[in-house]
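To start, the structure itself, in structure tokens.
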Amino acid sequence: MKISSTLLAVCSLLILGPVAAAEDFAAAAQKVASARISSAAIPGLVVVTVNGQEQKIQGFGLVTNGTDGKKQSHLPDANTVFEIGSVSKTFTALLLADMHARGVLKLDDTVAALLPAYTIPQYQGRAITLLDLATQTSALPRMPANLLPRQADNPYADYSENNLRDFLRSYQLTRAPGAKYEYSNLGFGLLGQTLSARAGKSYAELVQERIAKPLGMADTGIALTANMQNNLAIGHDAQGKTVANWDMPTLAGAGALRSSAQDMLRYLQAHMHGANVKVPAGLQLVQQPQRTTGMPGLQIALAWHVQSVRGQTVVWHNGMTGGYASFIGFTADGQRGVVVLANASVNVDDIGMAALLPAAPAADVGNTATDKLSAKQLAEYSGRYQLAPGAILNISAGPDGLLAQLTGQPQAPVFPRKKDEFFYKVVEASLQFERDANGKIQSVTLHQNGHASPAPRIGEAAPEAASNASRRTEISLPAEQLKQYVGSYTLAPGFKLIISEQSGQLFAQATGQGSNAIFAEAKDKFFLKVVDAQLSFQRQADGKISGLVLHQNGRNMPGPRDAD
């Protein structure tokens, strides 16, 4: 689970990388994993693949075990322990399905009835049900507004049950539960609390009793056993810096579990062959699509995403914490499955999808539109589309067709395949534009690597960031002054901006993103050329840098400087 934050520079929605070879899915995943290690993006990772009766666990790179980090680095293996982040949500959903199958509760039970000590918000008499929580349709926000961590590197540690009660008591739903898909860590944390209350046991105890022990998962849980402690891989942020482990006492159901590749193989196989597993119950129920997401080809089951891609249905979930990333998925026919565990907060979905999906077909030039679109037709698509907070897809008309530019990335031409559908040649991705009842373009969906990412139109096409940057005057600052800005700045829990200096040039790198040069336009004021964003540094009374403010997309985001 990664806390959503405004992005600076390169957004990972458009991923340039190796294409999966259809004839050998495991080899394709291993190829992508090797490339990730070679690029030094991730120190170490383990890939689990299942293809029919064939199983394989393969380590890549290096990890250091133990919380003290004093042991020598080595190749990760089947017993190396990682935080699995939001993959924990699938465990929470399985507990729900198990309790439903055993008649302990029903999916349509209301949360309020099961948590009488809480005041659960409603919308015009419509109460939140367990099914709403498990399908990310509860109408609760992604995170509680009163999550204000004292420890930026362990953001959930001091969030208490009283904090959760206080937030829910004061929160007002903006729509009816069940009406719309919106990913919510808060919702799954609340689901974990609800199941725990109904069972009269802690969430950790439920996981052990109903999932880990029956499936023989000795190295899976929240609290680290001595063996798990010895095999725990040290986590790293996106810049390669070692980070603290996360503790989630109150929202455990959203992402608190740790596990190993060997254990996750057992968990994966149980889901792939759920009809043959007696305990936990509900392994088939948990995979059944329950609601739509509003994204083409994507439905949600109980926590699991069920997606149809190139004629193949895959069931998957991913996760991320401050120092780890994970992915688990399998084909709906139970023939192929994959788990990826990494010791860095860098997305690994592409590795997982390479093991599940056939290669995307090359752009079908013969099936492209032959008539050149007129300037009037191109203008219909021009605009700014919001893919994620801080991630804007700018579509503009060029001399030879449409140009697409994602925040922090270079422009790329897109080519018409048919009306309202365009494809990239530089990457396996396509754009599908959607119109309203009056025929006006209202949104676009980016399709890539098995993911469908919708983006509503938010305005007219913006001028290129480079043009905005060109209107700024770059000045030179003394090297000694530049070094004053070097440091780490926390913009949000789990999201940092690292300022570094190399040969008289400052660089900014946001969590999970590339490093980009920043240029001075005045003392304490800098701008980027690859994206329309600026940085203002703040000083204390003694003149020392105490923080910065990121100015981007009309927002001002302060970030205090971390202690050295």
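Just remember, in the structure tokens the first chain shown is A, the second B, etc., residues are 1-based per chain, and ligands are 1-based in the order shown.
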Determine, counting only C-alpha atoms, which protein, DNA and RNA residues have an atom within 6 Å of an atom of segment 164-173 of chain A; residues of the same chain fewer than 5 positions away are not included. Present the result as an mmCIF file with N, CA and C atoms, in the first residue's frame.
data_model
loop_
_atom_site.group_PDB
_atom_site.id
_atom_site.type_symbol
_atom_site.label_atom_id
_atom_site.label_comp_id
_atom_site.auth_asym_id
_atom_site.auth_seq_id
_atom_site.Cartn_x
_atom_site.Cartn_y
_atom_site.Cartn_z
ATOM 1 N N TYR A 118 -18.814 2.232 17.485
ATOM 2 C CA TYR A 118 -18.458 3.246 16.502
ATOM 3 C C TYR A 118 -19.706 3.959 15.998
ATOM 4 N N THR A 119 -19.521 5.181 15.561
ATOM 5 C CA THR A 119 -20.566 5.888 14.829
ATOM 6 C C THR A 119 -20.167 5.864 13.359
ATOM 7 N N ILE A 120 -20.841 5.011 12.588
ATOM 8 C CA ILE A 120 -20.482 4.811 11.183
ATOM 9 C C ILE A 120 -21.344 5.733 10.322
ATOM 10 N N TYR A 123 -25.408 7.581 4.228
ATOM 11 C CA TYR A 123 -25.790 8.576 3.225
ATOM 12 C C TYR A 123 -27.266 8.416 2.926
#
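Around Pro456 of chain A, within 9 Å and counting only C-alpha atoms, the residues found are Arg384, Tyr385, Gln386, Leu387, Gln442, Ser443, Val444, Thr445, Pro454 and Ile458 of chain A, once anything fewer than 2 positions away on its own chain is removed.
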Could the residues in this selection be written to a file with N, CA and C atoms, as a PDB file, in the first residue's frame?
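Saved to part29.pdb:
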ATOM      1  N   ARG A 384      -6.648  18.734 -21.391  1.00  0.00           N
ATOM      2  CA  ARG A 384      -5.892  18.229 -20.258  1.00  0.00           C
ATOM      3  C   ARG A 384      -6.736  17.194 -19.539  1.00  0.00           C
ATOM      4  N   TYR A 385      -6.142  16.024 -19.267  1.00  0.00           N
ATOM      5  CA  TYR A 385      -6.870  14.907 -18.680  1.00  0.00           C
ATOM      6  C   TYR A 385      -6.148  14.472 -17.399  1.00  0.00           C
ATOM      7  N   GLN A 386      -6.915  14.326 -16.310  1.00  0.00           N
ATOM      8  CA  GLN A 386      -6.337  14.043 -14.981  1.00  0.00           C
ATOM      9  C   GLN A 386      -6.261  12.534 -14.763  1.00  0.00           C
ATOM     10  N   LEU A 387      -5.050  11.961 -14.889  1.00  0.00           N
ATOM     11  CA  LEU A 387      -4.858  10.534 -14.652  1.00  0.00           C
ATOM     12  C   LEU A 387      -4.733  10.205 -13.173  1.00  0.00           C
ATOM     13  N   GLN A 442     -15.233  13.774 -23.215  1.00  0.00           N
ATOM     14  CA  GLN A 442     -15.286  14.082 -21.784  1.00  0.00           C
ATOM     15  C   GLN A 442     -14.207  13.379 -20.976  1.00  0.00           C
ATOM     16  N   SER A 443     -13.572  12.319 -21.559  1.00  0.00           N
ATOM     17  CA  SER A 443     -12.539  11.605 -20.804  1.00  0.00           C
ATOM     18  C   SER A 443     -11.717  10.756 -21.768  1.00  0.00           C
ATOM     19  N   VAL A 444     -10.622  10.212 -21.247  1.00  0.00           N
ATOM     20  CA  VAL A 444      -9.794   9.278 -21.996  1.00  0.00           C
ATOM     21  C   VAL A 444      -9.337   8.182 -21.049  1.00  0.00           C
ATOM     22  N   THR A 445      -9.142   6.986 -21.577  1.00  0.00           N
ATOM     23  CA  THR A 445      -8.623   5.880 -20.778  1.00  0.00           C
ATOM     24  C   THR A 445      -7.303   5.411 -21.381  1.00  0.00           C
ATOM     25  N   PRO A 454      -8.523   5.501 -16.247  1.00  0.00           N
ATOM     26  CA  PRO A 454      -9.393   6.542 -16.784  1.00  0.00           C
ATOM     27  C   PRO A 454      -8.938   7.925 -16.353  1.00  0.00           C
ATOM     28  N   ILE A 458     -10.198  17.879 -17.853  1.00  0.00           N
ATOM     29  CA  ILE A 458     -10.299  18.937 -16.844  1.00  0.00           C
ATOM     30  C   ILE A 458     -10.081  20.327 -17.413  1.00  0.00           C
TER      31      ILE A 458
END
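Distances to Phe526 of chain A were evaluated for A:Arg175, A:Arg472, A:His74, A:His273 using only C-alpha atoms, and the minimum falls at A:Arg472.
Among the candidates A:Val339, A:Thr110, A:Ser345, A:Pro416, the residue lying nearest to Leu373 of chain A is A:Pro416 (atoms considered: only C-alpha atoms).
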